[in-house]
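What follows is the content of protein.txt, which has compact mmCIF, C-alpha atoms and all ligand atoms:
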```txt
# COMPACT_ATOMS: atom_id res chain seq x y z
CA MET A 1 0.00 0.00 0.00
CA ASN A 2 1.03 3.61 -0.48
CA LYS A 3 2.68 5.37 2.45
CA TRP A 4 3.73 8.98 3.08
CA ASN A 5 7.31 10.17 2.70
CA LEU A 6 8.87 13.62 2.86
CA VAL A 7 11.84 14.62 0.68
CA ILE A 8 13.72 17.80 1.64
CA ASP A 9 16.28 19.42 -0.67
CA ILE A 10 18.94 21.06 1.49
CA ALA A 11 20.15 23.16 -1.46
CA LYS A 12 16.72 24.79 -1.82
CA CYS A 13 16.08 25.74 1.82
CA HIS A 14 16.74 29.43 2.50
CA ASP A 15 15.68 29.48 6.16
CA CYS A 16 12.62 31.65 5.43
CA ASN A 17 10.72 29.87 8.24
CA ASN A 18 7.46 29.77 6.23
CA CYS A 19 7.16 26.06 7.05
CA PHE A 20 7.58 26.77 10.76
CA LEU A 21 5.00 29.57 10.65
CA ALA A 22 2.51 27.45 8.69
CA CYS A 23 2.84 24.79 11.38
CA LYS A 24 2.20 27.40 14.08
CA ASP A 25 -0.80 28.69 12.15
CA GLU A 26 -2.26 25.21 11.87
CA TYR A 27 -1.72 23.98 15.42
CA CYS A 28 -1.65 26.93 17.84
CA GLU A 29 -4.98 27.05 19.70
CA ASN A 30 -6.31 24.20 17.53
CA ASP A 31 -6.99 20.65 18.72
CA PHE A 32 -7.17 17.89 16.13
CA PRO A 33 -8.30 14.79 18.03
CA PRO A 34 -7.30 12.01 18.04
CA TYR A 35 -3.98 13.16 16.56
CA SER A 36 -2.91 16.30 18.38
CA ALA A 37 -3.71 18.81 21.08
CA ALA A 38 -3.02 22.51 20.52
CA GLN A 39 0.61 23.56 20.16
CA PRO A 40 1.79 26.25 22.58
CA ARG A 41 2.37 29.65 21.02
CA HIS A 42 6.00 29.72 22.22
CA GLY A 43 8.77 27.20 22.77
CA HIS A 44 7.84 24.39 20.40
CA ARG A 45 9.34 23.94 16.92
CA TRP A 46 7.51 20.95 15.42
CA ILE A 47 9.48 21.68 12.30
CA ASP A 48 12.81 23.10 13.36
CA ILE A 49 15.43 24.54 11.01
CA LEU A 50 19.05 23.76 11.86
CA ARG A 51 21.97 25.74 10.44
CA LYS A 52 25.51 24.79 9.39
CA GLU A 53 28.20 27.21 8.24
CA ARG A 54 31.16 25.81 6.32
CA GLY A 55 34.47 27.12 5.04
CA GLN A 56 36.60 30.13 5.73
CA HIS A 57 36.69 33.66 4.36
CA PRO A 58 36.35 34.32 1.46
CA ARG A 59 34.83 30.95 0.48
CA VAL A 60 32.01 30.08 2.86
CA ASP A 61 28.51 28.67 2.58
CA VAL A 62 25.61 28.09 4.91
CA SER A 63 23.05 25.32 4.72
CA TYR A 64 19.77 24.76 6.53
CA LEU A 65 18.27 21.46 7.57
CA PRO A 66 14.49 21.51 8.15
CA LEU A 67 13.81 18.97 10.89
CA PRO A 68 10.31 17.59 11.49
CA CYS A 69 9.51 14.22 13.07
CA MET A 70 11.06 11.54 10.83
CA HIS A 71 8.04 9.20 11.17
CA CYS A 72 10.45 6.32 11.62
CA ASP A 73 9.45 2.74 10.79
CA GLU A 74 11.52 1.54 13.77
CA ALA A 75 10.63 4.45 16.05
CA ASP A 76 12.19 4.58 19.52
CA CYS A 77 9.30 6.77 20.71
CA ILE A 78 6.81 3.96 20.01
CA LYS A 79 8.92 1.53 22.05
CA ALA A 80 9.31 4.01 24.92
CA ALA A 81 5.65 4.93 25.30
CA GLU A 82 3.37 3.04 27.66
CA GLY A 83 -0.13 1.84 26.82
CA GLU A 84 0.37 2.24 23.06
CA ALA A 85 0.34 6.00 23.51
CA VAL A 86 2.56 6.34 20.42
CA TYR A 87 1.67 4.31 17.34
CA LYS A 88 2.26 4.06 13.61
CA ARG A 89 -0.61 4.34 11.16
CA ASP A 90 -0.83 2.04 8.16
CA ASP A 91 0.21 4.97 5.96
CA GLY A 92 3.54 5.34 7.83
CA ILE A 93 2.66 8.32 10.03
CA VAL A 94 3.71 8.16 13.70
CA ILE A 95 1.18 9.69 16.11
CA ILE A 96 1.44 10.58 19.79
CA ASP A 97 -2.06 10.12 21.21
CA PRO A 98 -2.59 13.30 23.27
CA LEU A 99 -4.86 11.51 25.77
CA LYS A 100 -2.94 8.26 26.26
CA ALA A 101 0.42 10.07 26.40
CA LYS A 102 -0.64 12.42 29.21
CA GLY A 103 2.09 12.56 31.86
CA GLN A 104 4.59 10.51 29.82
CA LYS A 105 7.47 12.97 29.85
CA GLY A 106 9.96 10.15 29.20
CA VAL A 107 8.73 9.96 25.61
CA VAL A 108 10.44 13.30 24.92
CA ASP A 109 13.91 11.89 25.62
CA SER A 110 13.30 8.67 23.67
CA CYS A 111 13.76 10.37 20.30
CA PRO A 112 17.43 10.69 19.28
CA TYR A 113 16.47 13.33 16.70
CA GLY A 114 15.14 15.57 19.48
CA VAL A 115 11.88 16.37 17.70
CA ILE A 116 9.43 15.71 20.55
CA TRP A 117 8.43 18.71 22.66
CA TRP A 118 6.91 18.79 26.13
CA ASN A 119 3.71 20.77 26.62
CA GLU A 120 3.95 21.90 30.24
CA GLU A 121 0.41 23.24 30.39
CA LEU A 122 -1.29 20.14 28.93
CA ASP A 123 1.23 17.66 30.43
CA VAL A 124 1.77 15.87 27.08
CA PRO A 125 4.62 15.18 24.65
CA GLN A 126 3.95 16.63 21.18
CA LYS A 127 5.44 16.58 17.68
CA CYS A 128 4.76 16.86 13.94
CA THR A 129 1.91 14.66 12.70
CA PHE A 130 2.51 15.22 8.95
CA CYS A 131 -0.87 17.04 9.28
CA ALA A 132 -2.63 13.65 9.45
CA HIS A 133 -6.00 15.36 10.06
CA LEU A 134 -5.69 17.16 6.70
CA LEU A 135 -4.48 14.07 4.82
CA ASP A 136 -7.55 12.24 6.15
CA GLU A 137 -9.66 14.94 4.47
CA GLY A 138 -7.92 14.36 1.14
CA TRP A 139 -5.12 16.92 1.30
CA GLN A 140 -2.02 15.81 -0.61
CA ALA A 141 0.57 17.58 1.55
CA PRO A 142 0.96 19.04 5.05
CA ARG A 143 0.88 22.79 5.65
CA CYS A 144 4.69 23.14 5.80
CA VAL A 145 5.14 21.63 2.34
CA GLN A 146 2.42 23.85 0.87
CA ALA A 147 3.96 26.96 2.42
CA CYS A 148 7.50 26.43 1.14
CA PRO A 149 8.20 29.11 -1.51
CA THR A 150 11.26 27.40 -2.98
CA GLY A 151 9.86 23.90 -3.48
CA ALA A 152 12.43 22.55 -1.01
CA MET A 153 9.95 19.96 0.26
CA GLU A 154 8.14 17.25 -1.67
CA PHE A 155 5.53 14.95 -0.13
CA LEU A 156 5.22 11.53 -1.75
CA HIS A 157 2.48 8.91 -1.36
CA VAL A 158 4.05 5.78 -2.81
CA GLU A 159 4.72 2.15 -2.01
CA ASP A 160 7.94 1.45 -0.10
CA ALA A 161 9.53 -0.31 -3.09
CA GLU A 162 8.88 2.75 -5.27
CA MET A 163 10.29 5.03 -2.56
CA GLN A 164 13.47 2.97 -2.43
CA ARG A 165 13.77 3.30 -6.21
CA ILE A 166 13.45 7.10 -5.85
CA VAL A 167 15.99 7.12 -3.00
CA HIS A 168 18.46 5.30 -5.21
CA SER A 169 17.86 7.28 -8.42
CA GLU A 170 17.85 10.72 -6.73
CA GLU A 171 20.68 9.88 -4.31
CA LEU A 172 18.59 10.67 -1.24
CA GLU A 173 19.93 10.10 2.27
CA VAL A 174 18.47 9.92 5.74
CA TRP A 175 19.92 11.96 8.55
CA HIS A 176 21.80 9.88 11.14
CA PRO A 177 21.37 6.47 9.52
CA GLU A 178 23.43 5.07 12.40
CA TYR A 179 20.37 5.47 14.67
CA GLY A 180 18.80 2.63 12.69
CA LEU A 181 15.25 4.01 13.00
CA GLU A 182 14.38 3.85 9.28
CA PRO A 183 13.04 7.41 8.86
CA ARG A 184 10.44 8.31 6.25
CA VAL A 185 12.02 11.76 5.81
CA TYR A 186 14.78 11.87 3.20
CA TYR A 187 17.24 14.58 2.27
CA LYS A 188 18.66 15.63 -1.08
CA LYS A 189 22.20 17.10 -1.10
CA LEU A 190 22.60 16.26 2.57
CA TYR A 191 26.39 16.47 2.05
CA ARG A 192 26.02 20.24 2.29
CA TYR A 193 25.15 19.70 5.92
CA THR A 194 27.12 16.59 6.87
CA ARG A 195 30.33 16.67 4.83
CA TRP A 196 33.18 19.06 4.10
CA PHE A 197 34.81 20.88 1.21
CA ILE A 198 38.31 21.92 0.20
CA SER A 199 38.50 25.13 -1.81
CA GLY A 200 41.20 27.47 -2.96
CA SER A 201 42.52 29.56 -5.80
CA VAL A 202 45.47 29.26 -8.20
CA ALA A 203 47.45 32.25 -9.47
CA LEU A 204 50.52 32.84 -11.64
CA LYS A 205 53.08 34.79 -9.62
CA ASP A 206 55.25 36.05 -12.48
CA VAL A 207 52.40 37.72 -14.39
CA ASP A 208 50.20 38.44 -11.34
CA GLU A 209 47.15 36.75 -12.96
CA CYS A 210 44.49 34.19 -11.99
CA ALA A 211 45.32 30.76 -13.39
CA GLU A 212 42.16 29.90 -15.30
CA GLY A 213 42.05 26.28 -16.43
CA ALA A 214 44.68 25.01 -13.98
CA LYS A 215 44.25 21.29 -13.32
CA VAL A 216 43.75 20.54 -9.62
CA THR A 217 43.89 16.90 -8.56
CA LEU A 218 42.64 15.66 -5.21
CA LYS A 219 44.40 12.49 -4.04
CA ASN A 220 44.02 10.33 -0.99
CA GLY A 221 46.89 9.80 1.47
CA SER A 222 48.32 6.90 -0.53
CA GLY A 223 48.33 8.87 -3.79
CA GLY A 224 45.18 7.49 -5.43
CA VAL A 225 43.32 10.03 -7.56
CA LEU A 226 39.90 10.89 -6.07
CA ILE A 227 38.80 13.66 -8.41
CA THR A 228 40.19 16.33 -10.73
CA ALA A 229 38.88 19.81 -11.53
CA LEU A 230 39.83 22.80 -13.66
CA THR A 231 39.94 26.23 -12.05
CA ASN A 232 37.37 28.80 -13.21
CA ASN A 233 38.12 32.25 -14.64
CA TYR A 234 38.98 33.53 -11.14
CA GLY A 235 41.40 30.63 -10.65
CA ASP A 236 39.06 29.10 -8.05
CA PHE A 237 38.44 25.40 -7.39
CA ARG A 238 36.34 23.46 -4.92
CA PHE A 239 35.91 19.78 -4.00
CA ASP A 240 32.77 19.07 -1.97
CA ALA A 241 31.06 16.15 -0.18
CA LEU A 242 34.35 15.00 1.36
CA GLU A 243 34.71 13.00 4.55
CA ALA A 244 36.80 14.50 7.33
CA LYS A 245 40.19 12.74 7.39
CA SER A 246 43.21 14.10 9.16
CA GLY A 247 46.31 14.13 6.92
CA GLN A 248 44.57 12.03 4.31
CA TYR A 249 44.23 14.40 1.36
CA ARG A 250 46.78 15.76 -1.13
CA LEU A 251 46.28 18.49 -3.71
CA GLU A 252 48.34 18.64 -6.90
CA VAL A 253 48.18 21.72 -9.13
CA ASP A 254 49.35 21.64 -12.75
CA TYR A 255 49.50 24.45 -15.27
CA PRO A 256 51.35 24.32 -18.61
CA GLY A 257 54.77 25.95 -18.40
CA TYR A 258 54.86 26.08 -14.58
CA GLN A 259 56.28 23.73 -11.97
CA GLN A 260 53.75 21.48 -10.24
CA ARG A 261 52.73 22.40 -6.66
CA GLU A 262 51.64 19.85 -4.08
CA LEU A 263 49.91 20.42 -0.72
CA ARG A 264 48.87 18.06 2.05
CA VAL A 265 45.48 18.93 3.58
CA ASP A 266 44.14 18.00 7.02
CA LEU A 267 40.38 17.99 6.65
CA GLU A 268 38.76 18.17 10.05
CA ASN A 269 36.43 20.91 8.89
CA SER A 270 35.79 22.60 5.55
CA ILE A 271 38.91 24.48 4.60
CA ASP A 272 39.98 27.16 2.14
CA VAL A 273 43.66 26.70 1.36
CA GLY A 274 43.96 30.26 0.06
CA THR A 275 45.84 31.23 -3.08
CA ILE A 276 48.34 28.73 -4.45
CA PHE A 277 50.98 30.62 -6.42
CA LEU A 278 52.76 28.85 -9.28
S1 LIG A 301 11.86 11.05 14.68
FE1 LIG A 301 11.72 10.65 16.86
S2 LIG A 301 9.60 11.21 17.37
FE2 LIG A 301 9.66 10.94 15.16
S3 LIG A 301 9.07 8.78 14.81
FE3 LIG A 301 11.34 8.86 14.89
S4 LIG A 301 11.81 8.39 17.04
FE4 LIG A 301 9.63 8.98 16.99
S1 LIG A 302 9.57 27.01 3.92
FE1 LIG A 302 11.02 25.91 2.61
S2 LIG A 302 12.71 27.35 2.22
FE2 LIG A 302 11.51 28.17 3.96
S3 LIG A 302 12.58 27.37 5.78
FE3 LIG A 302 10.94 25.89 5.29
S4 LIG A 302 11.90 24.34 3.96
FE4 LIG A 302 13.27 26.13 4.04
```
Re-express the file's structure as structure tokens.
Ligand code: SF4
Ligand code: SF4
Amino acid sequence: MNKWNLVIDIAKCHDCNNCFLACKDEYCENDFPPYSAAQPRHGHRWIDILRKERGQHPRVDVSYLPLPCMHCDEADCIKAAEGEAVYKRDDGIVIIDPLKAKGQKGVVDSCPYGVIWWNEELDVPQKCTFCAHLLDEGWQAPRCVQACPTGAMEFLHVEDAEMQRIVHSEELEVWHPEYGLEPRVYYKKLYRYTRWFISGSVALKDVDECAEGAKVTLKNGSGGVLITALTNNYGDFRFDALEAKSGQYRLEVDYPGYQQRELRVDLENSIDVGTIFL
């Protein structure tokens, strides 16, 4: 049967917070039994937006990771709740029953993604429901997805086998796969949030010019070629989606008529190696 999945493109999220505000608009002062009690006006972020800055001046970037409940197939919150207060619907959505979960503060800490919030006034744990009450009425997407102005979020109602085909063909990833919870939220270009880049620039010292078209080769510690790139018209290059490895990367720069330069790079964080003069 078809189940719901959310795909979020990290490269398209600009941190406008429309999704967060749409969620507030839907849930503040509104009860949707049996799926949710009203969200408090302050404190909760049922869809949060995390931020990661990478690089060093002048080559930096910032990425945003919208973070709702992952609606995991192997959800820790379901295992932690007593009396079946947290359950999974046939369509994949994980619901915290606002009546059965009353007083169960331990459910908040059961989620390693940190997406369950405690409602002090109502004495209940709360989180994103994928707007299950709207989907039941025939809506095709939750409020956050509809409110996103950049199309960063896509809501898919497909069979699991089809979803796995999409995951493979679009190179989607889940956040923190090591948790083993089998999330139904997938990310596109997650490397912008979880991996590192090496950037720099190449210039010709004798003529005081940018070296456009210089060949830059990234090698691993044992000399194997990982990837090559040509510098742009500013002499800039950039290798992205790299894993952090101390002392494990080497850069070689070649330009016709000039002696080759080689650098060893410790990559514990995204790094700009500055201008390499030939
Ligand atoms: S992300 Fe957390 S709250 Fe959501 S289903 Fe998974 S374990 Fe439960
Ligand atoms: S509405 Fe879209 S672009 Fe804006 S913060 Fe949310 S996911 Fe990002």
**OP:** Name the residues, by chain letter and number, that sit within 10 Å of ligand LIG 301 (chain A) using only C-alpha atoms and all ligand atoms, and give them as number ranges by chain.
**Re:** A: 67-80, 86-88, 92-96, 107-117, 125-129, 179-185
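Taking only C-alpha atoms and all ligand atoms into account, every polymer residue with at least one atom at most 8 Å away from ligand LIG 302 (chain A) is listed here: A:Ile8, A:Lys12, A:Cys13, A:His14, A:Asp15, A:Cys16, A:Asn17, A:Asn18, A:Cys19, A:Phe20, A:Ile49, A:Tyr64, A:Leu65, A:Pro66, A:Cys144, A:Val145, A:Ala147, A:Cys148, A:Pro149, A:Thr150, A:Gly151, A:Ala152, A:Met153.
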Keeping only C-alpha atoms, write the selected residues as a compact mmCIF listing (two decimals), keeping the file's coordinate frame.
```
# COMPACT_ATOMS: atom_id res chain seq x y z
CA ILE A 8 13.72 17.80 1.64
CA LYS A 12 16.72 24.79 -1.82
CA CYS A 13 16.08 25.74 1.82
CA HIS A 14 16.74 29.43 2.50
CA ASP A 15 15.68 29.48 6.16
CA CYS A 16 12.62 31.65 5.43
CA ASN A 17 10.72 29.87 8.24
CA ASN A 18 7.46 29.77 6.23
CA CYS A 19 7.16 26.06 7.05
CA PHE A 20 7.58 26.77 10.76
CA ILE A 49 15.43 24.54 11.01
CA TYR A 64 19.77 24.76 6.53
CA LEU A 65 18.27 21.46 7.57
CA PRO A 66 14.49 21.51 8.15
CA CYS A 144 4.69 23.14 5.80
CA VAL A 145 5.14 21.63 2.34
CA ALA A 147 3.96 26.96 2.42
CA CYS A 148 7.50 26.43 1.14
CA PRO A 149 8.20 29.11 -1.51
CA THR A 150 11.26 27.40 -2.98
CA GLY A 151 9.86 23.90 -3.48
CA ALA A 152 12.43 22.55 -1.01
CA MET A 153 9.95 19.96 0.26
```
Subject >> Non-local contacts of Tyr255 in chain A (10 Å; only C-alpha atoms; under 5 positions in same chain excluded) as a ChimeraX atom specification >> reply: /A:202-204,211-216,230,260-261,278
Writer output for current selection, C-alpha atoms, as a short mmCIF file (atom, residue, chain, number, x, y, z; two decimals), in the coordinates of the input:
```
data_model
loop_
_atom_site.label_atom_id
_atom_site.label_comp_id
_atom_site.auth_asym_id
_atom_site.auth_seq_id
_atom_site.Cartn_x
_atom_site.Cartn_y
_atom_site.Cartn_z
CA VAL A 202 45.47 29.26 -8.20
CA ALA A 203 47.45 32.25 -9.47
CA LEU A 204 50.52 32.84 -11.64
CA ALA A 211 45.32 30.76 -13.39
CA GLU A 212 42.16 29.90 -15.30
CA GLY A 213 42.05 26.28 -16.43
CA ALA A 214 44.68 25.01 -13.98
CA LYS A 215 44.25 21.29 -13.32
CA VAL A 216 43.75 20.54 -9.62
CA LEU A 230 39.83 22.80 -13.66
CA GLN A 260 53.75 21.48 -10.24
CA ARG A 261 52.73 22.40 -6.66
CA LEU A 278 52.76 28.85 -9.28
#
```
Determine, using all atoms listed in the file, which residues of range 1-89 of chain A have any atom at most 12 Å from an atom of range 134-139 of chain A, and tabulate each with its shortest atom pair and distance in Å to one decimal place, rows ordered by chain and then rising number, as a Markdown table.
```
| residue | atom | partner | partner_atom | distance |
| --- | --- | --- | --- | --- |
| A:Lys3 | CA | A:Leu135 | CA | 11.5 |
| A:Trp4 | CA | A:Leu135 | CA | 9.8 |
| A:Glu26 | CA | A:Leu134 | CA | 10.2 |
| A:Tyr27 | CA | A:Leu134 | CA | 11.8 |
| A:Phe32 | CA | A:Leu134 | CA | 9.6 |
| A:Pro33 | CA | A:Leu134 | CA | 11.9 |
| A:Pro34 | CA | A:Asp136 | CA | 11.9 |
| A:Tyr35 | CA | A:Leu134 | CA | 10.8 |
| A:Arg89 | CA | A:Asp136 | CA | 11.6 |
```
May I have the centre and edge lengths, in Å to one decimal, of an axis-aligned box around the listed atoms of range 158-171 of chain A with 5 Å added to every side, as JSON?
```
{"center_x": 12.4, "center_y": 5.2, "center_z": -4.3, "size_x": 26.6, "size_y": 21.0, "size_z": 18.3}
```
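For the atom pair formed by CA of Leu172 in chain A and CA of Glu159 in chain A, the distance is 16.3 Å, given to one decimal.
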Original post:
Nearest to Ser201 in chain A: which of A:Asn119, A:Asn220, A:Asn233, A:Gln39 is it, counting only C-alpha atoms?
Top reply: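 Closest to Ser201 in chain A of all the choices is A:Asn233.
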Subject >> Which of A:Arg143, A:Gly274, A:Asp31, A:Gln164 sits closest to Leu99 in chain A [using all atoms listed in the file] >> reply: A:Asp31
Original post:
How many Å separate CA of Arg195 in chain A from CA of Ala241 in chain A?
Top reply: 5.1 Å
**OP:** Do a neighbour search on Trp175 in chain A at 8 Å with all atoms listed in the file, toss out local chain neighbours closer than 4 positions, and write the hits as an MDAnalysis selection string.
**Re:** chainID A and resid 186:187 190
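With CA of Glu173 in chain A on one side and CA of Arg192 in chain A on the other, the separation reads 11.8 Å.
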Original post:
Closest to Tyr249 in chain A among A:Phe237, A:Phe130, A:Phe197, A:Phe277, using only C-alpha atoms?
Top reply: A:Phe197
Subject >> A:Cys210, A:Val60, A:Leu6, A:Leu218 ranked by distance to Glu154 in chain A, top pick (using all atoms listed in the file) >> reply: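 Checking each candidate against Glu154 in chain A, we get A:Leu6 as the closest.
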**OP:** Would you list the contacts of Met1 in chain A as a PyMOL selection string, taking every protein, DNA or RNA residue within 10 Å and counting all atoms listed in the file, but skipping same-chain residues closer than 2 positions in sequence?
**Re:** chain A and resi 3+90-91+157-160
Subject >> Given all atoms listed in the file as the counted atoms, nearest of A:Asp254, A:Asp266, A:Glu170, A:Glu243 to Asp9 in chain A >> reply: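 Among the listed residues, A:Glu170 lies closest to Asp9 in chain A.
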